[in-house]
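Quick notes on the structure that follows.
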Amino acid sequence: LHAGQIQGFFDIPTDNLYAAPTMAADILARSGSDNLMVVSPDVGGVVRARALAKRLDNAPLAIVDKRRDRPGVSEVMNVIGDVSGRHCILIDDIIDSGGTLCNAAQALVEHGAASVRAYLTHGVLSGKAVERVDASVLTELVITDTIQPNAATLAAAKIRTIPIAPLIGEAIRRIADESSVSSLFD
């Protein structure tokens with residue numbers, strides 16, 4: 001769910017599944033936890049970033065302070081945290097136009113980050129988002145398959161899709177066994 005509050009609008013029991021376990025496993029398999037820094041692209045995503053950092057052997061955390069003067073346009077004001085020489089992992093729930101993410105990645109590089117990869121749950125990637133990501137300083141954008149990637153996304157050099165089927169399968173198994181689904185995310 002894009003916002004946890006949506007869960008309250010269901011008349012049936014509902015579990016909100018988070019992609020963090022899948023993302024953390026991918027990050028650790030590809031780069032380990034050495035010299036990583038988890039970065040929230042805005043103040044609103046700090047809880048999500050902190051949860052991922054915990055899964056990555058308590059990696060340090062940074063925040064990009066941005067301002068959004070009008071819809072669809074954001075400006076990075078500051079980077080909170082020392083990202084110098086770090087391999088930064090930007091984490092967010094959704095990417096639409098890619099402007100905020102690419103601006104945040106640029107700010108991290110300007111503040112001395114060694115590299116910037118981004119992990120996002122829902123890859124909407126509308127308009128020129130794919131071109132924007134490919135032209136950005138991002139080393140890689142990793143999205144889950146919660147939204148079917150289009151042909152441009154699949155062909156993009158910097159975009160990789162990871163499946164969440166194992167996570168959904170484990171949630172279904174736990175529901176069938178009447179065991180805890182929420183403990184998947186502890």
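Ligands are numbered from 1 in the order shown, chains are lettered A, B, ... in the order of the structure tokens, and residues start at 1 in each chain.
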Inset, instruction - Tell me, as a ChimeraX atom specification, which residues lie within 9 Å of stretch 47-49 of chain A, counting only C-alpha atoms; anything in the same chain fewer than 2 positions away does not count. - result: /A:20,38-40,43-45,51-54,61-63,90-93
Legend entry - Close residues, A:Ser31 itself excluded, 12 Å, only C-alpha atoms, min 3 positions apart in chain, as a ChimeraX atom specification: /A:24-28,34-36,56,87-89,115,117
Legend entry - Distance criterion (only C-alpha atoms): nearest to A:Ala118 out of A:Arg67, A:Lys158, A:Arg173, A:Arg55: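 Going through A:Arg67, A:Lys158, A:Arg173, A:Arg55 one by one, the smallest distance to A:Ala118 is for A:Lys158.
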Inset, instruction - Pull the strand (DSSP E or B) assignments for stretch 20-181 of chain A out of DSSP run on the backbone, and list those residues as a ChimeraX atom specification. - result: /A:36-40,61-70,73-80,87-95,115-123,140-144,159-162
Report as a CSV table (one decimal) with all heavy atoms, in the first residue's frame all protein, DNA and RNA residues lying within 10 Å of A:Asp145, evaluated on only C-alpha atoms, omitting residues in the same chain fewer than 2 positions from it.
chain,number,residue,atom,x,y,z
A,121,THR,N,9.9,0.5,-4.7
A,121,THR,CA,8.9,-0.6,-4.8
A,121,THR,C,8.1,-0.6,-6.1
A,121,THR,O,8.0,-1.6,-6.8
A,121,THR,CB,8.0,-0.6,-3.6
A,121,THR,OG1,8.8,-0.6,-2.4
A,121,THR,CG2,7.0,-1.7,-3.6
A,122,HIS,N,7.5,0.6,-6.4
A,122,HIS,CA,6.6,0.6,-7.5
A,122,HIS,C,7.2,1.5,-8.6
A,122,HIS,O,7.4,2.7,-8.5
A,122,HIS,CB,5.2,1.2,-7.1
A,122,HIS,CG,4.6,0.6,-5.9
A,122,HIS,ND1,4.2,-0.7,-6.0
A,122,HIS,CD2,4.4,1.0,-4.7
A,122,HIS,CE1,3.7,-1.1,-4.8
A,122,HIS,NE2,3.8,-0.1,-4.0
A,123,GLY,N,7.5,0.9,-9.8
A,123,GLY,CA,8.1,1.6,-10.9
A,123,GLY,C,7.1,2.1,-11.9
A,123,GLY,O,6.8,1.4,-12.9
A,142,VAL,N,16.7,0.0,-9.2
A,142,VAL,CA,16.1,-1.4,-9.0
A,142,VAL,C,14.7,-1.2,-8.6
A,142,VAL,O,14.4,-0.5,-7.6
A,142,VAL,CB,16.9,-2.2,-8.0
A,142,VAL,CG1,16.3,-3.6,-7.8
A,142,VAL,CG2,18.4,-2.3,-8.4
A,143,ILE,N,13.8,-1.8,-9.4
A,143,ILE,CA,12.3,-1.7,-9.0
A,143,ILE,C,11.8,-3.1,-8.9
A,143,ILE,O,12.4,-4.1,-9.4
A,143,ILE,CB,11.5,-0.9,-10.1
A,143,ILE,CG1,11.7,-1.6,-11.5
A,143,ILE,CG2,11.9,0.5,-10.1
A,143,ILE,CD1,10.8,-1.0,-12.6
A,147,ILE,N,4.4,-3.5,-10.5
A,147,ILE,CA,3.8,-2.9,-11.7
A,147,ILE,C,4.5,-3.5,-12.9
A,147,ILE,O,5.7,-3.6,-13.0
A,147,ILE,CB,3.9,-1.4,-11.7
A,147,ILE,CG1,3.1,-0.8,-10.6
A,147,ILE,CG2,3.4,-0.8,-13.1
A,147,ILE,CD1,3.4,0.7,-10.4
A,148,GLN,N,3.7,-4.0,-13.9
A,148,GLN,CA,4.4,-4.6,-15.1
A,148,GLN,C,5.2,-3.6,-15.8
A,148,GLN,O,4.7,-2.6,-16.2
A,148,GLN,CB,3.3,-5.1,-16.0
A,148,GLN,CG,3.8,-5.8,-17.3
A,148,GLN,CD,4.5,-7.1,-17.1
A,148,GLN,OE1,4.1,-7.9,-16.2
A,148,GLN,NE2,5.6,-7.3,-17.7
A,149,PRO,N,6.5,-3.9,-15.9
A,149,PRO,CA,7.4,-2.9,-16.6
A,149,PRO,C,7.1,-2.9,-18.1
A,149,PRO,O,6.8,-3.9,-18.7
A,149,PRO,CB,8.8,-3.4,-16.4
A,149,PRO,CG,8.7,-4.7,-15.7
A,149,PRO,CD,7.3,-5.0,-15.4
A,160,ARG,N,16.8,-2.3,-13.4
A,160,ARG,CA,16.7,-3.7,-13.2
A,160,ARG,C,15.4,-4.0,-12.4
A,160,ARG,O,15.1,-3.2,-11.5
A,160,ARG,CB,17.9,-4.2,-12.5
A,160,ARG,CG,18.0,-5.7,-12.3
A,160,ARG,CD,19.4,-6.2,-11.8
A,160,ARG,NE,19.9,-5.5,-10.7
A,160,ARG,CZ,19.7,-5.9,-9.4
A,160,ARG,NH1,19.0,-7.0,-9.2
A,160,ARG,NH2,20.2,-5.2,-8.4
A,161,THR,N,14.7,-5.1,-12.7
A,161,THR,CA,13.5,-5.4,-12.0
A,161,THR,C,13.8,-6.7,-11.2
A,161,THR,O,14.4,-7.7,-11.7
A,161,THR,CB,12.4,-5.7,-13.0
A,161,THR,OG1,12.2,-4.5,-13.8
A,161,THR,CG2,11.1,-6.0,-12.3
A,162,ILE,N,13.3,-6.7,-9.9
A,162,ILE,CA,13.4,-7.9,-9.1
A,162,ILE,C,12.0,-8.3,-8.7
A,162,ILE,O,11.1,-7.5,-8.5
A,162,ILE,CB,14.3,-7.6,-7.8
A,162,ILE,CG1,13.7,-6.5,-7.0
A,162,ILE,CG2,15.7,-7.4,-8.2
A,162,ILE,CD1,14.4,-6.2,-5.6
A,163,PRO,N,11.8,-9.7,-8.6
A,163,PRO,CA,10.5,-10.2,-8.3
A,163,PRO,C,10.1,-10.2,-6.9
A,163,PRO,O,11.0,-10.3,-6.0
A,163,PRO,CB,10.6,-11.6,-8.8
A,163,PRO,CG,12.0,-12.0,-8.6
A,163,PRO,CD,12.8,-10.7,-8.9
A,164,ILE,N,8.9,-10.0,-6.6
A,164,ILE,CA,8.4,-10.0,-5.2
A,164,ILE,C,7.6,-11.3,-5.0
A,164,ILE,O,7.0,-11.5,-3.9
A,164,ILE,CB,7.6,-8.8,-4.8
A,164,ILE,CG1,6.4,-8.6,-5.6
A,164,ILE,CG2,8.5,-7.6,-4.7
A,164,ILE,CD1,5.3,-7.8,-4.9
A,165,ALA,N,7.5,-12.2,-6.0
A,165,ALA,CA,6.7,-13.4,-5.8
A,165,ALA,C,7.1,-14.2,-4.6
A,165,ALA,O,6.2,-14.7,-3.9
A,165,ALA,CB,6.8,-14.3,-7.1
Inset, instruction - Report the residues of stretch 25-135 of chain A whose backbone DSSP state falls under alpha helix (DSSP H), written as a ChimeraX atom specification. - result: /A:25-31,46-55,99-110,129-135
Inset, instruction - Tell me which of A:Ser183, A:Asn103, A:Thr144, A:Ser97 sits closest to A:Asp65, counting only C-alpha atoms. - result: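 The closest residue to A:Asp65 is A:Asn103.
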Legend entry - Pick from A:Gln106, A:Asn58, A:Ser33, A:Thr153, whichever lies nearest to A:Glu75 using only C-alpha atoms: A:Gln106
Inset, instruction - Measuring atom to atom with only C-alpha atoms, identify which of A:Val116, A:Ala3, A:Cys102, A:Leu17 is nearest to A:Ser136. - result: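 Checking each of A:Val116, A:Ala3, A:Cys102, A:Leu17 against A:Ser136, counting only C-alpha atoms, the winner is A:Cys102.
You can rank A:Ala29, A:Lys128, A:Ala107, A:Thr14 by their closest distance to A:Val181 using only C-alpha atoms, and at the top of that list sits A:Thr14.
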Inset, instruction - Please provide as a list of chain:residue names all residues within 6 Å of A:Ala113, with the sequence filter that same-chain residues fewer than 2 positions apart are discarded (counting only C-alpha atoms). - result: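 Residues near the query, excluding close chain neighbours: A:Val83, A:Ser84, A:Gly85, A:Arg86, A:Leu108, A:Val109, A:Ser115.
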Legend entry - Nearest candidate to A:Asn150 (options A:Gly81, A:Gly112, A:Gly127, A:Gly98; using only C-alpha atoms):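 The answer is A:Gly127, which sits nearest to A:Asn150.
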Inset, instruction - In Å, rounded to a single decimal, give me how far atom CA of A:Thr22 is from atom CA of A:Leu1. - result: 16.0 Å
